[in-house]
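Report on the following structure.
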Amino acid sequence: MPAILKDSCSSAWLSVAADRRRMYVTEKVSGLTHSYHPEARAWYGPYYLRPDSSVYYSVIAFSGHRLILVGLIGSSENFESLKLWEVSSDLQDIDEIAEIPAELGEKLKDQYTGVPSITVRAAGNFVYMHSPERPENVVWCEVAARGGRSEWGWGRNAAIGEKNWLERMVFTCASVGVAELETAVAAGNRRFRVKETPSSI
């Protein structure tokens with residue numbers, strides 16, 4: 001591992017995304033990024049994933065086979081927007097995909113602390129965004145094919161209630177189809193719910 005990453009070996013500082021060919025590690029505040037190639041057993045970089053100088057915090061994730069960069073715009077005290085970019089596998093090209101609608105940006109913002117950080121998970125073509133400052137809300141973006149229009153929406157976090165507001169929560173996601181639901185029902189485990197999210201914007 002590059003020496004500069006060894007000093008930041010914590011999920012609080014690093015964002016990691018991997019596919020079958022490579023692993024990418026990004027320092028969330030600076031955008032400093034390295035890639036690891038298992039076949040060559042070698043690290044490459046550094047690269048700086050900062051497509052906009054006003055990005056103050058960023059994370060990476062794979063949406064399908066596409067490497068997605070999610071960046072917060074403005075400052076931690078003065079959040080302005082959130083954008084998604086597609087990053088090429090060699091980390092040389094970065095193309096903007098979508099920008100969050102203003103009304104959904106408010107779902108991530110805390111009136112006192114703004115949006116100092118964000119957690120991102122992806123499954124299929126969906127990217128889910130969650131602010132630790134507003135754990136009751138989850139914003140999602142269905143990433144469109146190149147040149148298409150991405151769809152946005154949000155939902156209430158069913159895991160958050162009055163009794164567990166201050167408890168630790170793990171934010172994750174997965175692609176779930178009919179086959180998985182049939183397996184869960186057949187197992188006799190009823191500890192799951194299927195809920196419809198509000199309409200997209």
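Chain lettering (A, B, ...) mirrors the order of the structure tokens, residue numbering begins at 1 for each chain separately, and ligand numbering begins at 1 in order of display.
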
Among region 30-194 of chain A, which residues does DSSP mark as strand (DSSP E or B) when it is run on the backbone? Keep the chain and numbering as in the structure and answer as a VMD selection string. chain A and resid 32 to 37 42 to 48 55 to 63 66 to 74 79 to 87 94 to 99 110 114 119 to 123 126 to 130 137 to 142 151 to 156

Do you know which residues are at most 10 Å from Trp152 (chain A) counting only C-alpha atoms, after dropping those on the same chain fewer than 6 positions away, and could you put them as JSON, numbers by chain? {"A": [98, 99, 100, 101, 104, 126, 127, 128, 139, 140, 141, 142, 143, 199, 200, 201]}

Limited to N, CA and C atoms, could you put the picked residues into a file as a CSV table (one decimal), in the first residue's frame?
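Contents of the output file out21.csv:
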chain,number,residue,atom,x,y,z
A,98,ALA,N,-24.9,13.6,-13.2
A,98,ALA,CA,-26.1,14.1,-12.7
A,98,ALA,C,-25.8,15.0,-11.5
A,99,GLU,N,-26.7,16.0,-11.2
A,99,GLU,CA,-26.7,16.8,-10.0
A,99,GLU,C,-28.0,16.7,-9.3
A,100,ILE,N,-27.9,16.6,-8.0
A,100,ILE,CA,-29.1,16.4,-7.1
A,100,ILE,C,-30.0,17.6,-7.2
A,101,PRO,N,-31.3,17.4,-7.3
A,101,PRO,CA,-32.3,18.5,-7.3
A,101,PRO,C,-32.2,19.2,-5.9
A,104,LEU,N,-34.0,17.8,-2.9
A,104,LEU,CA,-33.5,16.5,-2.3
A,104,LEU,C,-32.2,16.8,-1.5
A,126,PHE,N,-28.5,1.8,-9.3
A,126,PHE,CA,-28.9,2.7,-8.3
A,126,PHE,C,-27.8,3.0,-7.3
A,127,VAL,N,-27.7,4.3,-7.0
A,127,VAL,CA,-26.7,4.8,-6.1
A,127,VAL,C,-27.5,5.4,-4.9
A,128,TYR,N,-27.2,5.0,-3.7
A,128,TYR,CA,-28.0,5.4,-2.5
A,128,TYR,C,-27.0,6.3,-1.7
A,139,VAL,N,-31.4,9.2,0.1
A,139,VAL,CA,-31.6,9.8,-1.3
A,139,VAL,C,-31.0,8.8,-2.3
A,140,TRP,N,-31.7,8.6,-3.4
A,140,TRP,CA,-31.2,7.6,-4.4
A,140,TRP,C,-31.2,8.3,-5.8
A,141,CYS,N,-30.3,7.7,-6.6
A,141,CYS,CA,-30.2,8.2,-8.0
A,141,CYS,C,-30.1,6.9,-8.9
A,142,GLU,N,-31.0,6.8,-9.8
A,142,GLU,CA,-30.9,5.8,-10.8
A,142,GLU,C,-30.1,6.3,-12.0
A,143,VAL,N,-28.9,5.8,-12.1
A,143,VAL,CA,-27.9,6.3,-13.0
A,143,VAL,C,-28.3,5.8,-14.4
A,199,SER,N,-42.4,9.0,-5.1
A,199,SER,CA,-42.2,9.1,-6.5
A,199,SER,C,-40.9,9.8,-6.8
A,200,SER,N,-40.2,9.5,-7.9
A,200,SER,CA,-39.0,10.1,-8.3
A,200,SER,C,-39.2,11.5,-8.7
A,201,ILE,N,-38.1,12.3,-8.8
A,201,ILE,CA,-38.2,13.7,-9.2
A,201,ILE,C,-37.7,13.8,-10.6

Set the distance at 6 Å and use only C-alpha atoms: which residues neighbour Thr33 (chain A) once local chain neighbours fewer than 2 positions away are removed? I'd like the list as a ChimeraX atom specification. /A:25-26,46-48

Could you tell me, as a list in words, which residues of region 15-175 of chain A DSSP assigns to helix (DSSP H, G or I) when given the backbone? Ala102, Glu103, Leu104, Gly105, Glu106, Lys107 and Leu108 of chain A

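When CA of Leu72 (chain A) is paired with CA of Gly45 (chain A), their separation reads 23.0 Å.
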
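From CA of Val16 (chain A) back to CA of Glu77 (chain A), the distance works out to 25.3 Å.
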
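Distance check against Lys109 (chain A) using only C-alpha atoms: of A:Asp93, A:Glu151, A:Glu136, A:Asp19, the minimum falls on A:Glu136.
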
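Going from CA of Ser81 (chain A) over to CA of Ser54 (chain A), you cover 10.0 Å.
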
Which residues, written as a compact mmCIF listing (two decimals) with C-alpha atoms, in the first residue's frame, have at least one atom at most 7 Å from region 35-38 of chain A, with only C-alpha atoms counted and residues fewer than 6 positions away on the same chain left out?
# COMPACT_ATOMS: atom_id res chain seq x y z
CA ARG A 21 -10.13 -6.44 -12.14
CA ARG A 22 -9.06 -3.62 -9.84
CA MET A 23 -9.48 -2.00 -6.46
CA TYR A 24 -9.63 1.77 -6.06
CA VAL A 25 -8.89 3.65 -2.84
CA TYR A 44 -0.70 2.77 -9.38
CA GLY A 45 -1.13 6.48 -8.79

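When only C-alpha atoms are used to measure the gap to Val70 (chain A), the shortest distance among A:Ala122, A:Gln92, A:Gln111, A:Lys6 belongs to A:Ala122.
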
So which residues touch Asn78 (chain A) within 10 Å, counting only C-alpha atoms, skipping near sequence neighbours fewer than 6 positions away, as JSON, numbers by chain? {"A": [109, 113, 114, 115, 116]}

From the list A:His34, A:Gly148, A:Trp154, A:Pro51, the nearest residue to Asp90 (chain A) using only C-alpha atoms is A:His34

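If you measure from each of A:Ser88, A:Asn137, A:Asn125, A:Ser75 to Ser150 (chain A) using only C-alpha atoms, the closest one turns out to be A:Asn125.
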